[in-house]
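Data from query13.cif: mmCIF, C-alpha atoms and all ligand atoms
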```
data_work
#
loop_
_atom_site.group_PDB
_atom_site.id
_atom_site.type_symbol
_atom_site.label_atom_id
_atom_site.label_comp_id
_atom_site.auth_asym_id
_atom_site.auth_seq_id
_atom_site.Cartn_x
_atom_site.Cartn_y
_atom_site.Cartn_z
ATOM 1 C CA MET A 593 67.636 137.859 136.260
ATOM 2 C CA SER A 594 68.334 134.155 136.857
ATOM 3 C CA LYS A 595 71.343 133.003 138.842
ATOM 4 C CA VAL A 596 74.362 131.769 136.871
ATOM 5 C CA VAL A 597 76.384 128.655 137.680
ATOM 6 C CA PHE A 598 79.726 127.963 135.979
ATOM 7 C CA ILE A 599 80.568 124.252 135.858
ATOM 8 C CA THR A 600 83.845 122.725 134.677
ATOM 9 C CA GLY A 601 83.850 119.120 133.481
ATOM 10 C CA ALA A 602 80.183 119.248 132.490
ATOM 11 C CA THR A 603 80.512 116.569 129.795
ATOM 12 C CA SER A 604 80.246 113.590 132.143
ATOM 13 C CA GLY A 605 79.648 112.309 135.658
ATOM 14 C CA PHE A 606 79.189 114.827 138.490
ATOM 15 C CA GLY A 607 79.463 117.861 136.218
ATOM 16 C CA ARG A 608 76.715 116.762 133.828
ATOM 17 C CA ALA A 609 74.412 115.697 136.675
ATOM 18 C CA THR A 610 75.065 119.037 138.386
ATOM 19 C CA ALA A 611 74.125 120.929 135.223
ATOM 20 C CA ARG A 612 70.836 119.046 135.145
ATOM 21 C CA ARG A 613 70.184 119.696 138.851
ATOM 22 C CA PHE A 614 70.763 123.449 138.589
ATOM 23 C CA ALA A 615 68.680 123.594 135.395
ATOM 24 C CA GLU A 616 65.761 122.024 137.259
ATOM 25 C CA ALA A 617 65.926 124.952 139.669
ATOM 26 C CA GLY A 618 66.038 127.560 136.892
ATOM 27 C CA TRP A 619 69.689 128.596 137.049
ATOM 28 C CA SER A 620 71.418 129.774 133.858
ATOM 29 C CA LEU A 621 74.297 127.473 132.938
ATOM 30 C CA VAL A 622 77.852 128.040 131.776
ATOM 31 C CA LEU A 623 79.091 124.560 130.842
ATOM 32 C CA SER A 624 82.643 123.672 129.882
ATOM 33 C CA GLY A 625 84.714 120.617 129.064
ATOM 34 C CA ARG A 626 86.895 119.358 126.237
ATOM 35 C CA ARG A 627 84.349 117.164 124.421
ATOM 36 C CA GLU A 628 82.337 119.534 122.252
ATOM 37 C CA GLU A 629 79.772 117.006 121.031
ATOM 38 C CA ARG A 630 78.751 116.240 124.602
ATOM 39 C CA LEU A 631 78.456 119.932 125.431
ATOM 40 C CA ILE A 632 76.216 120.420 122.399
ATOM 41 C CA GLU A 633 74.036 117.442 123.433
ATOM 42 C CA LEU A 634 73.660 118.818 126.951
ATOM 43 C CA GLN A 635 72.872 122.280 125.643
ATOM 44 C CA GLN A 636 70.202 120.793 123.370
ATOM 45 C CA GLU A 637 68.751 118.882 126.318
ATOM 46 C CA LEU A 638 68.677 121.753 128.804
ATOM 47 C CA SER A 639 68.190 124.916 126.782
ATOM 48 C CA ALA A 640 64.439 124.333 126.574
ATOM 49 C CA LYS A 641 64.414 124.947 130.340
ATOM 50 C CA VAL A 642 67.125 127.567 130.966
ATOM 51 C CA PRO A 643 69.705 129.699 129.117
ATOM 52 C CA VAL A 644 72.811 127.587 128.441
ATOM 53 C CA HIS A 645 76.229 128.819 127.278
ATOM 54 C CA ILE A 646 78.761 126.157 126.319
ATOM 55 C CA ALA A 647 82.502 126.529 125.839
ATOM 56 C CA VAL A 648 85.074 123.957 124.828
ATOM 57 C CA LEU A 649 87.780 124.386 127.405
ATOM 58 C CA ASP A 650 90.840 122.575 128.658
ATOM 59 C CA VAL A 651 91.269 123.895 132.204
ATOM 60 C CA ARG A 652 95.049 123.348 131.956
ATOM 61 C CA ASP A 653 95.330 126.231 129.486
ATOM 62 C CA ALA A 654 95.351 129.392 131.621
ATOM 63 C CA ALA A 655 95.114 131.767 128.655
ATOM 64 C CA ALA A 656 92.148 129.869 127.187
ATOM 65 C CA VAL A 657 90.408 129.888 130.566
ATOM 66 C CA GLN A 658 90.854 133.652 130.929
ATOM 67 C CA LYS A 659 89.657 134.269 127.363
ATOM 68 C CA MET A 660 86.587 132.117 127.862
ATOM 69 C CA VAL A 661 85.648 134.040 131.000
ATOM 70 C CA ASP A 662 86.358 137.410 129.323
ATOM 71 C CA ASP A 663 84.178 136.391 126.358
ATOM 72 C CA LEU A 664 81.135 135.315 128.371
ATOM 73 C CA PRO A 665 78.026 136.677 126.660
ATOM 74 C CA GLU A 666 75.583 139.082 128.284
ATOM 75 C CA GLY A 667 73.356 137.207 130.693
ATOM 76 C CA PHE A 668 76.091 134.761 131.750
ATOM 77 C CA ARG A 669 78.550 137.155 133.389
ATOM 78 C CA ASN A 670 76.978 137.581 136.814
ATOM 79 C CA ILE A 671 78.275 134.260 138.108
ATOM 80 C CA ARG A 672 76.916 133.239 141.494
ATOM 81 C CA SER A 673 78.431 129.761 141.801
ATOM 82 C CA LEU A 674 81.590 128.240 140.433
ATOM 83 C CA ILE A 675 81.696 124.440 140.491
ATOM 84 C CA ASN A 676 85.345 123.414 140.071
ATOM 85 C CA ASN A 677 84.664 119.830 139.103
ATOM 86 C CA ALA A 678 86.951 118.997 136.133
ATOM 87 C CA GLY A 679 89.505 116.463 137.232
ATOM 88 C CA LEU A 680 90.829 112.978 136.871
ATOM 89 C CA ALA A 681 92.848 110.163 138.352
ATOM 90 C CA LEU A 682 95.326 108.191 136.283
ATOM 91 C CA ALA A 683 97.403 105.109 136.938
ATOM 92 C CA PRO A 684 95.983 103.016 139.804
ATOM 93 C CA GLU A 685 99.330 101.164 139.935
ATOM 94 C CA PRO A 686 101.861 101.701 142.755
ATOM 95 C CA ALA A 687 103.870 104.944 142.521
ATOM 96 C CA GLN A 688 107.044 103.151 141.483
ATOM 97 C CA LYS A 689 105.323 101.872 138.326
ATOM 98 C CA VAL A 690 103.693 105.072 137.139
ATOM 99 C CA ALA A 691 104.824 107.161 134.161
ATOM 100 C CA LEU A 692 105.862 110.689 135.131
ATOM 101 C CA GLU A 693 103.550 112.014 132.424
ATOM 102 C CA ASP A 694 100.511 110.644 134.294
ATOM 103 C CA TRP A 695 101.574 112.452 137.467
ATOM 104 C CA HIS A 696 101.989 115.668 135.502
ATOM 105 C CA THR A 697 98.563 115.281 133.884
ATOM 106 C CA MET A 698 96.889 114.960 137.295
ATOM 107 C CA ILE A 699 98.764 117.945 138.713
ATOM 108 C CA ASP A 700 98.086 120.039 135.599
ATOM 109 C CA THR A 701 94.361 119.233 135.661
ATOM 110 C CA ASN A 702 93.401 118.862 139.329
ATOM 111 C CA ILE A 703 95.671 121.584 140.706
ATOM 112 C CA THR A 704 96.770 123.981 137.967
ATOM 113 C CA GLY A 705 93.449 123.732 136.115
ATOM 114 C CA LEU A 706 91.402 124.371 139.236
ATOM 115 C CA VAL A 707 93.604 127.337 140.135
ATOM 116 C CA ASN A 708 93.373 128.726 136.575
ATOM 117 C CA VAL A 709 89.579 128.687 136.650
ATOM 118 C CA THR A 710 89.347 130.065 140.173
ATOM 119 C CA HIS A 711 91.641 132.978 139.355
ATOM 120 C CA ALA A 712 89.698 133.866 136.192
ATOM 121 C CA VAL A 713 86.212 133.587 137.714
ATOM 122 C CA LEU A 714 86.920 135.105 141.127
ATOM 123 C CA PRO A 715 86.457 138.752 140.037
ATOM 124 C CA LYS A 716 82.949 137.864 138.832
ATOM 125 C CA LEU A 717 82.124 136.126 142.098
ATOM 126 C CA LEU A 718 83.389 139.153 144.024
ATOM 127 C CA GLU A 719 81.070 141.381 141.967
ATOM 128 C CA THR A 720 78.194 139.106 142.987
ATOM 129 C CA GLY A 721 79.358 139.250 146.593
ATOM 130 C CA LYS A 722 76.932 138.004 149.220
ATOM 131 C CA GLY A 723 75.570 134.557 148.367
ATOM 132 C CA ALA A 724 78.278 133.699 145.839
ATOM 133 C CA SER A 725 80.057 130.389 146.215
ATOM 134 C CA ILE A 726 82.925 128.264 145.005
ATOM 135 C CA VAL A 727 82.390 124.525 145.267
ATOM 136 C CA ASN A 728 85.617 122.609 144.741
ATOM 137 C CA ILE A 729 85.413 118.875 144.118
ATOM 138 C CA GLY A 730 88.041 117.219 146.260
ATOM 139 C CA SER A 731 87.956 113.575 147.261
ATOM 140 C CA VAL A 732 88.224 111.214 150.204
ATOM 141 C CA ALA A 733 91.609 110.504 148.581
ATOM 142 C CA GLY A 734 92.711 113.976 149.676
ATOM 143 C CA GLU A 735 92.259 113.025 153.322
ATOM 144 C CA TRP A 736 92.895 109.283 153.481
ATOM 145 C CA PRO A 737 95.878 107.517 151.900
ATOM 146 C CA TYR A 738 95.469 104.293 149.941
ATOM 147 C CA PRO A 739 97.683 102.215 147.641
ATOM 148 C CA GLY A 740 97.719 103.714 144.159
ATOM 149 C CA GLY A 741 96.559 107.097 145.466
ATOM 150 C CA HIS A 742 99.997 108.779 145.044
ATOM 151 C CA VAL A 743 99.610 112.029 143.091
ATOM 152 C CA TYR A 744 95.814 111.828 142.745
ATOM 153 C CA GLY A 745 95.280 111.897 146.520
ATOM 154 C CA ALA A 746 97.950 114.561 146.933
ATOM 155 C CA SER A 747 96.257 116.737 144.306
ATOM 156 C CA LYS A 748 92.978 116.485 146.186
ATOM 157 C CA ALA A 749 94.733 117.380 149.459
ATOM 158 C CA PHE A 750 95.741 120.552 147.630
ATOM 159 C CA VAL A 751 92.082 121.165 146.761
ATOM 160 C CA LYS A 752 91.121 120.887 150.416
ATOM 161 C CA GLN A 753 93.819 123.231 151.712
ATOM 162 C CA PHE A 754 93.323 125.718 148.875
ATOM 163 C CA SER A 755 89.610 125.787 149.717
ATOM 164 C CA TYR A 756 90.319 126.474 153.393
ATOM 165 C CA ASN A 757 92.874 129.161 152.569
ATOM 166 C CA LEU A 758 90.481 130.853 150.145
ATOM 167 C CA ARG A 759 87.955 130.989 152.987
ATOM 168 C CA CYS A 760 90.444 132.966 155.044
ATOM 169 C CA ASP A 761 90.990 135.565 152.335
ATOM 170 C CA LEU A 762 87.376 135.810 151.177
ATOM 171 C CA ILE A 763 85.784 136.018 154.616
ATOM 172 C CA ALA A 764 84.598 139.606 154.210
ATOM 173 C CA THR A 765 83.562 139.357 150.561
ATOM 174 C CA GLY A 766 80.434 137.222 150.841
ATOM 175 C CA VAL A 767 82.004 134.540 148.628
ATOM 176 C CA ARG A 768 81.759 131.143 150.283
ATOM 177 C CA VAL A 769 84.069 128.185 149.620
ATOM 178 C CA THR A 770 83.425 124.476 150.087
ATOM 179 C CA ASP A 771 85.492 121.367 149.487
ATOM 180 C CA ILE A 772 83.142 118.504 148.632
ATOM 181 C CA ALA A 773 84.978 115.220 149.077
ATOM 182 C CA PRO A 774 83.160 112.242 147.587
ATOM 183 C CA GLY A 775 84.112 108.620 148.016
ATOM 184 C CA MET A 776 83.416 105.929 145.439
ATOM 185 C CA ALA A 777 80.959 107.128 142.812
ATOM 186 C CA GLU A 778 80.058 105.490 139.528
ATOM 187 C CA THR A 779 80.939 107.821 136.659
ATOM 188 C CA GLU A 780 83.537 107.592 133.882
ATOM 189 C CA PHE A 781 86.169 108.105 136.590
ATOM 190 C CA THR A 782 87.477 104.514 136.654
ATOM 191 C CA LEU A 783 87.294 104.214 132.872
ATOM 192 C CA VAL A 784 89.584 107.264 132.681
ATOM 193 C CA ARG A 785 91.819 106.039 135.502
ATOM 194 C CA THR A 786 92.368 102.683 133.779
ATOM 195 C CA LYS A 787 92.657 104.286 130.320
ATOM 196 C CA GLY A 788 89.528 102.703 128.914
ATOM 197 C CA ASN A 789 89.267 99.379 130.750
ATOM 198 C CA GLN A 790 85.492 98.884 130.882
ATOM 199 C CA ALA A 791 85.838 95.520 132.679
ATOM 200 C CA ALA A 792 87.845 97.167 135.478
ATOM 201 C CA SER A 793 85.243 99.887 135.774
ATOM 202 C CA ASP A 794 82.408 97.349 135.884
ATOM 203 C CA ALA A 795 84.287 95.317 138.514
ATOM 204 C CA MET A 796 84.851 98.418 140.645
ATOM 205 C CA TYR A 797 81.168 99.311 140.869
ATOM 206 C CA GLY A 798 79.272 96.149 139.939
ATOM 207 C CA THR A 799 79.500 94.243 143.220
ATOM 208 C CA THR A 800 78.731 97.085 145.620
ATOM 209 C CA THR A 801 76.480 100.130 145.825
ATOM 210 C CA PRO A 802 78.494 103.188 144.843
ATOM 211 C CA LEU A 803 77.335 106.777 145.001
ATOM 212 C CA SER A 804 75.777 108.045 141.788
ATOM 213 C CA ALA A 805 76.582 111.246 139.938
ATOM 214 C CA GLU A 806 73.125 112.482 140.933
ATOM 215 C CA ASP A 807 73.887 111.886 144.640
ATOM 216 C CA ILE A 808 76.849 114.244 144.416
ATOM 217 C CA ALA A 809 75.000 116.768 142.238
ATOM 218 C CA GLU A 810 72.365 116.982 144.965
ATOM 219 C CA GLN A 811 75.040 117.804 147.564
ATOM 220 C CA ILE A 812 76.637 120.411 145.290
ATOM 221 C CA PHE A 813 73.240 122.007 144.732
ATOM 222 C CA TYR A 814 72.503 121.955 148.460
ATOM 223 C CA VAL A 815 75.802 123.650 149.375
ATOM 224 C CA ALA A 816 75.392 126.385 146.754
ATOM 225 C CA ASN A 817 71.815 127.107 147.800
ATOM 226 C CA LEU A 818 72.204 127.440 151.542
ATOM 227 C CA PRO A 819 71.304 130.770 153.128
ATOM 228 C CA ASP A 820 74.033 133.373 152.550
ATOM 229 C CA HIS A 821 75.275 133.264 156.140
ATOM 230 C CA ILE A 822 76.151 129.546 156.066
ATOM 231 C CA ASN A 823 79.450 128.144 154.760
ATOM 232 C CA ILE A 824 80.042 124.417 154.714
ATOM 233 C CA ASN A 825 83.828 124.135 154.782
ATOM 234 C CA ARG A 826 84.137 120.499 153.831
ATOM 235 C CA LEU A 827 81.607 117.811 153.067
ATOM 236 C CA GLU A 828 82.910 114.248 152.909
ATOM 237 C CA ILE A 829 80.516 111.678 151.523
ATOM 238 C CA MET A 830 80.938 107.921 151.154
ATOM 239 C CA PRO A 831 78.559 105.194 150.092
ATOM 240 C CA SER A 832 77.283 103.290 153.137
ATOM 241 C CA ARG A 833 79.153 100.265 151.795
ATOM 242 C CA GLN A 834 82.558 102.026 151.794
ATOM 243 C CA ALA A 835 84.749 102.686 154.876
ATOM 244 C CA TRP A 836 88.419 102.658 155.928
ATOM 245 C CA SER A 837 90.531 99.563 156.389
ATOM 246 C CA SER A 838 93.322 98.480 158.726
ATOM 247 C CA PHE A 839 96.954 99.675 158.517
ATOM 248 C CA ALA A 840 99.151 97.725 156.135
ATOM 249 C CA VAL A 841 102.091 95.956 157.779
ATOM 250 C CA ASP A 842 104.966 94.465 155.831
ATOM 251 C CA ARG A 843 105.804 91.099 157.453
ATOM 252 C CA ASP A 844 108.689 88.651 157.051
ATOM 253 C CA LYS A 845 107.813 86.111 154.392
HETATM 254 P P1 LIG B 1 84.205 111.781 134.881
HETATM 255 O O1 LIG B 1 85.404 111.194 134.228
HETATM 256 O O2 LIG B 1 82.884 111.189 134.593
HETATM 257 O O3 LIG B 1 84.144 113.353 134.566
HETATM 258 C C1 LIG B 1 85.302 114.144 134.607
HETATM 259 C C2 LIG B 1 85.025 115.459 133.926
HETATM 260 O O4 LIG B 1 86.231 116.262 133.990
HETATM 261 C C3 LIG B 1 84.661 115.317 132.465
HETATM 262 O O5 LIG B 1 83.582 116.150 132.166
HETATM 263 C C4 LIG B 1 85.907 115.771 131.727
HETATM 264 O O6 LIG B 1 85.531 116.425 130.529
HETATM 265 C C5 LIG B 1 86.479 116.798 132.712
HETATM 266 N N1 LIG B 1 87.898 117.029 132.491
HETATM 267 C C6 LIG B 1 88.938 116.178 132.680
HETATM 268 N N2 LIG B 1 90.086 116.755 132.308
HETATM 269 C C7 LIG B 1 89.772 118.015 131.888
HETATM 270 C C8 LIG B 1 90.522 119.096 131.371
HETATM 271 N N3 LIG B 1 91.860 119.028 131.198
HETATM 272 N N4 LIG B 1 89.870 120.244 131.039
HETATM 273 C C9 LIG B 1 88.549 120.329 131.184
HETATM 274 N N5 LIG B 1 87.771 119.341 131.666
HETATM 275 C C10 LIG B 1 88.387 118.195 131.999
HETATM 276 O O7 LIG B 1 84.520 111.714 136.430
HETATM 277 P P2 LIG B 1 83.738 112.300 137.722
HETATM 278 O O8 LIG B 1 82.477 112.951 137.366
HETATM 279 O O9 LIG B 1 83.715 111.206 138.705
HETATM 280 O O10 LIG B 1 84.814 113.359 138.212
HETATM 281 C C11 LIG B 1 84.510 114.701 138.514
HETATM 282 C C12 LIG B 1 85.389 115.158 139.655
HETATM 283 O O11 LIG B 1 85.078 114.393 140.810
HETATM 284 C C13 LIG B 1 86.898 114.959 139.429
HETATM 285 O O12 LIG B 1 87.557 116.100 139.941
HETATM 286 C C14 LIG B 1 87.220 113.723 140.254
HETATM 287 O O13 LIG B 1 88.543 113.698 140.679
HETATM 288 C C15 LIG B 1 86.259 113.906 141.403
HETATM 289 N N6 LIG B 1 85.923 112.734 142.190
HETATM 290 C C16 LIG B 1 85.378 111.610 141.619
HETATM 291 C C17 LIG B 1 85.030 110.544 142.414
HETATM 292 C C18 LIG B 1 84.468 109.274 141.872
HETATM 293 O O14 LIG B 1 84.556 108.235 142.554
HETATM 294 N N7 LIG B 1 83.870 109.277 140.685
HETATM 295 C C19 LIG B 1 85.161 110.613 143.873
HETATM 296 C C20 LIG B 1 85.759 111.823 144.360
HETATM 297 C C21 LIG B 1 86.099 112.837 143.542
HETATM 298 P P3 LIG B 1 86.276 116.281 129.126
HETATM 299 O O15 LIG B 1 86.956 114.934 129.100
HETATM 300 O O16 LIG B 1 85.204 116.435 128.110
HETATM 301 O O17 LIG B 1 87.233 117.419 129.128
HETATM 302 C C1 LIG B 2 87.799 109.161 143.883
HETATM 303 C C2 LIG B 2 87.355 108.383 145.046
HETATM 304 O O1 LIG B 2 87.825 106.368 146.489
HETATM 305 O O2 LIG B 2 88.529 106.260 144.156
HETATM 306 O O3 LIG B 2 88.265 110.409 144.247
HETATM 307 O O4 LIG B 2 89.714 107.676 145.692
HETATM 308 S S1 LIG B 2 88.399 107.118 145.357
#
```

Is it possible to express this structure as structure tokens?
Ligand code: NDP
Ligand code: 8X3
Amino acid sequence: MSKVVFITGATSGFGRATARRFAEAGWSLVLSGRREERLIELQQELSAKVPVHIAVLDVRDAAAVQKMVDDLPEGFRNIRSLINNAGLALAPEPAQKVALEDWHTMIDTNITGLVNVTHAVLPKLLETGKGASIVNIGSVAGEWPYPGGHVYGASKAFVKQFSYNLRCDLIATGVRVTDIAPGMAETEFTLVRTKGNQAASDAMYGTTTPLSAEDIAEQIFYVANLPDHININRLEIMPSRQAWSSFAVDRDK
């Protein structure tokens, strides 16, 4: 029986590239996201290679998440890897200019959504036991502060600490947990963050060499396919052309 990977946010960016990477290796795919037409396209693309189950899912809806997991068809229930990838940043402006709704959306998606999916899928991973894995997509923003990071960075700090704490509880179960923390990667991320500003997205990536979705998919695949006795706790990845900067100092004008 082929291994099953469950990917959230498979309609774009890292999630879609990860679906393709696992399909190449013969894994069965459970793909979810809110945009049904994209899920159908991906299913059409990949189902010639491997079994693909798609489900329209908003990770913020705990009941819908549980129902989707309960309703998984035969052949997709023995989940070996959960890739908690669905997430977003909103409002690159300073905290004092951001609508409360945007903060709530990030918390509801990046924290509550990730917790909803983990709670629903965990029993299946425990049944798989040895070799199972949870790969949570955090961010460099969860470790390093920057202007405009406010709730986004804080939500990814949650992802890191939740991943570490899960490790503590799951130590004897065979289920491994990793926080993958990418830096700048060209996906629809900036388009979403700027609410559809294509010029801002092009400016963000066009004059440097960002990571690609495929770069991160390769790391996700690597982590989930290590020998059973190895757990990478956290993997932080930046493009070579990205690094930290100096402290900000407010000076007299
Ligand atoms: P994309 O915007 O390209 O993809 C985000 C994915 O998340 C989409 O498939 C989207 O699907 C899904 N998603 C968003 N909200 C929800 C929701 N409520 N329910 C279900 N799915 C949802 O961005 P990336 O691929 O870059 O982002 C993937 C992850 O990587 C995110 O967690 C992001 O924070 C993180 N990340 C991104 C970095 C980057 O520079 N690109 C760097 C570090 C981390 P749909 O809209 O169809 O629901
Ligand atoms: C996204 C990476 O550098 O925009 O998580 O915060 S960054």

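Among A:His821, A:Arg759, A:Arg669, A:Lys689, the residue with the shortest atom-to-atom distance to A:Leu717, counting all atoms listed in the file, is A:Arg669.
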
Written as JSON, numbers by chain, what is the full residue list that the PyMOL selection byres (((chain A and resi 712) around 10) and not hetatm) yields on the file shown?
{"A": [654, 655, 657, 658, 659, 660, 661, 662, 707, 708, 709, 710, 711, 713, 714, 715, 716, 717]}

Which residues match the PyMOL selection byres (((not hetatm)) within 8 of (chain B and resi 2)) in the file above, as a list in words?
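Selected by the PyMOL selection byres (((not hetatm)) within 8 of (chain B and resi 2)) in this file: Ala681, Gly730, Ser731, Val732, Ala733, Gly734, Tyr738, Gly741, Tyr744, Gly745, Lys748, Ala773, Pro774, Gly775, Met776, Ala777, Phe781 and Thr782 of chain A.
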
Using all atoms listed in the file, which residues of chain A come within 8 Å of ligand LIG 1 (chain B), and what is the closest atom pair for each, with the distance in Å to one decimal? Give it as JSON lines, sorted by chain and residue number.
```
{"residue": "A:Thr600", "atom": "CA", "partner": "B:LIG1", "partner_atom": "N5", "distance": 6.0}
{"residue": "A:Gly601", "atom": "CA", "partner": "B:LIG1", "partner_atom": "O5", "distance": 3.3}
{"residue": "A:Ala602", "atom": "CA", "partner": "B:LIG1", "partner_atom": "O5", "distance": 4.6}
{"residue": "A:Thr603", "atom": "CA", "partner": "B:LIG1", "partner_atom": "O5", "distance": 3.9}
{"residue": "A:Ser604", "atom": "CA", "partner": "B:LIG1", "partner_atom": "O5", "distance": 4.2}
{"residue": "A:Gly605", "atom": "CA", "partner": "B:LIG1", "partner_atom": "O8", "distance": 3.4}
{"residue": "A:Phe606", "atom": "CA", "partner": "B:LIG1", "partner_atom": "O8", "distance": 3.9}
{"residue": "A:Gly607", "atom": "CA", "partner": "B:LIG1", "partner_atom": "O8", "distance": 5.9}
{"residue": "A:Arg608", "atom": "CA", "partner": "B:LIG1", "partner_atom": "O5", "distance": 7.1}
{"residue": "A:Ser624", "atom": "CA", "partner": "B:LIG1", "partner_atom": "C9", "distance": 6.9}
{"residue": "A:Gly625", "atom": "CA", "partner": "B:LIG1", "partner_atom": "O17", "distance": 4.1}
{"residue": "A:Arg626", "atom": "CA", "partner": "B:LIG1", "partner_atom": "O17", "distance": 3.5}
{"residue": "A:Arg627", "atom": "CA", "partner": "B:LIG1", "partner_atom": "O16", "distance": 3.9}
{"residue": "A:Glu628", "atom": "CA", "partner": "B:LIG1", "partner_atom": "O16", "distance": 7.2}
{"residue": "A:Arg630", "atom": "CA", "partner": "B:LIG1", "partner_atom": "O16", "distance": 7.3}
{"residue": "A:Leu649", "atom": "CA", "partner": "B:LIG1", "partner_atom": "C9", "distance": 5.6}
{"residue": "A:Asp650", "atom": "CA", "partner": "B:LIG1", "partner_atom": "N4", "distance": 3.5}
{"residue": "A:Val651", "atom": "CA", "partner": "B:LIG1", "partner_atom": "N4", "distance": 4.1}
{"residue": "A:Arg652", "atom": "CA", "partner": "B:LIG1", "partner_atom": "N3", "distance": 5.4}
{"residue": "A:Asn676", "atom": "CA", "partner": "B:LIG1", "partner_atom": "O12", "distance": 7.6}
{"residue": "A:Asn677", "atom": "CA", "partner": "B:LIG1", "partner_atom": "C12", "distance": 4.8}
{"residue": "A:Ala678", "atom": "CA", "partner": "B:LIG1", "partner_atom": "O4", "distance": 3.5}
{"residue": "A:Gly679", "atom": "CA", "partner": "B:LIG1", "partner_atom": "O12", "distance": 3.4}
{"residue": "A:Leu680", "atom": "CA", "partner": "B:LIG1", "partner_atom": "O13", "distance": 4.5}
{"residue": "A:Ala681", "atom": "CA", "partner": "B:LIG1", "partner_atom": "O13", "distance": 6.0}
{"residue": "A:Asp700", "atom": "CA", "partner": "B:LIG1", "partner_atom": "N3", "distance": 7.7}
{"residue": "A:Thr701", "atom": "CA", "partner": "B:LIG1", "partner_atom": "N3", "distance": 5.1}
{"residue": "A:Asn702", "atom": "CA", "partner": "B:LIG1", "partner_atom": "O12", "distance": 6.5}
{"residue": "A:Gly705", "atom": "CA", "partner": "B:LIG1", "partner_atom": "N3", "distance": 7.0}
{"residue": "A:Ile729", "atom": "CA", "partner": "B:LIG1", "partner_atom": "O12", "distance": 5.5}
{"residue": "A:Gly730", "atom": "CA", "partner": "B:LIG1", "partner_atom": "C21", "distance": 5.5}
{"residue": "A:Ser731", "atom": "CA", "partner": "B:LIG1", "partner_atom": "C20", "distance": 4.0}
{"residue": "A:Val732", "atom": "CA", "partner": "B:LIG1", "partner_atom": "C20", "distance": 6.4}
{"residue": "A:Ala733", "atom": "CA", "partner": "B:LIG1", "partner_atom": "C20", "distance": 7.3}
{"residue": "A:Tyr744", "atom": "CA", "partner": "B:LIG1", "partner_atom": "O13", "distance": 7.8}
{"residue": "A:Lys748", "atom": "CA", "partner": "B:LIG1", "partner_atom": "O13", "distance": 7.6}
{"residue": "A:Ala773", "atom": "CA", "partner": "B:LIG1", "partner_atom": "C20", "distance": 5.9}
{"residue": "A:Pro774", "atom": "CA", "partner": "B:LIG1", "partner_atom": "C20", "distance": 4.2}
{"residue": "A:Gly775", "atom": "CA", "partner": "B:LIG1", "partner_atom": "C19", "distance": 4.7}
{"residue": "A:Met776", "atom": "CA", "partner": "B:LIG1", "partner_atom": "O14", "distance": 3.9}
{"residue": "A:Ala777", "atom": "CA", "partner": "B:LIG1", "partner_atom": "O14", "distance": 3.8}
{"residue": "A:Glu778", "atom": "CA", "partner": "B:LIG1", "partner_atom": "N7", "distance": 5.5}
{"residue": "A:Thr779", "atom": "CA", "partner": "B:LIG1", "partner_atom": "O2", "distance": 4.4}
{"residue": "A:Glu780", "atom": "CA", "partner": "B:LIG1", "partner_atom": "O2", "distance": 3.7}
{"residue": "A:Phe781", "atom": "CA", "partner": "B:LIG1", "partner_atom": "O1", "distance": 4.0}
{"residue": "A:Thr782", "atom": "CA", "partner": "B:LIG1", "partner_atom": "N7", "distance": 7.2}
{"residue": "A:Leu783", "atom": "CA", "partner": "B:LIG1", "partner_atom": "O1", "distance": 7.4}
{"residue": "A:Val784", "atom": "CA", "partner": "B:LIG1", "partner_atom": "O1", "distance": 5.9}
{"residue": "A:Leu803", "atom": "CA", "partner": "B:LIG1", "partner_atom": "O14", "distance": 7.8}
{"residue": "A:Ala805", "atom": "CA", "partner": "B:LIG1", "partner_atom": "O8", "distance": 6.7}
```

A:Arg613 proximity check over A:Ile599, A:Ala647, A:Ala656, A:Ile763, using all atoms listed in the file: winner is A:Ile599

I'd like the residues picked by the PyMOL selection byres (((chain A and resi 808) around 9) and not hetatm) written out as a list in words, using the chain letters and numbers from the file.
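For this structure, the PyMOL selection byres (((chain A and resi 808) around 9) and not hetatm) captures Phe606, Ala609, Thr610, Ile772, Pro774, Ala777, Leu803, Ser804, Ala805, Glu806, Asp807, Ala809, Glu810, Gln811, Ile812, Phe813 and Ile829 of chain A.
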
Tell me which protein, DNA and RNA residues are within 7 Å of stretch 718-722 of chain A, counting only C-alpha atoms, leaving out same-chain ones fewer than 5 positions away, and put them as a count of residues only.
7

When you look at A:Ile699 with a cut-off of 9 Å (counting all atoms listed in the file), what residues show up, excluding the ones that are within fewer than 5 positions of it in the same chain? I need them as a list in words.
Asp694, Thr704, Gly705, Val743, Tyr744, Ala746 and Ser747 of chain A

As an exercise, work out the distance from atom CA of A:Lys845 to atom CA of A:Gln688 in Å and give it to one decimal place.
21.4 Å

Can you work out the spacing between atom CA of A:Lys787 and atom CA of A:Ala683 in Å, to one decimal?
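Between atom CA of A:Lys787 and atom CA of A:Ala683 the gap is 8.2 Å.
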
Determine, counting all atoms listed in the file, which protein, DNA and RNA residues have an atom within 7 Å of an atom of stretch 614-619 of chain A; residues of the same chain fewer than 4 positions away are not included. Present the result as an MDAnalysis selection string.
chainID A and resid 594:597 610 638 641:642 813

Go ahead and dump the residues you just picked, C-alpha atoms, as a JSON list (two decimals), in the coordinates of the input.
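Writing done, so here's result-v8.json:
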```json
[["chain", "number", "residue", "atom", "x", "y", "z"],
["A", 594, "SER", "CA", 68.33, 134.16, 136.86],
["A", 595, "LYS", "CA", 71.34, 133.00, 138.84],
["A", 596, "VAL", "CA", 74.36, 131.77, 136.87],
["A", 597, "VAL", "CA", 76.38, 128.66, 137.68],
["A", 610, "THR", "CA", 75.06, 119.04, 138.39],
["A", 638, "LEU", "CA", 68.68, 121.75, 128.80],
["A", 641, "LYS", "CA", 64.41, 124.95, 130.34],
["A", 642, "VAL", "CA", 67.12, 127.57, 130.97],
["A", 813, "PHE", "CA", 73.24, 122.01, 144.73]]
```
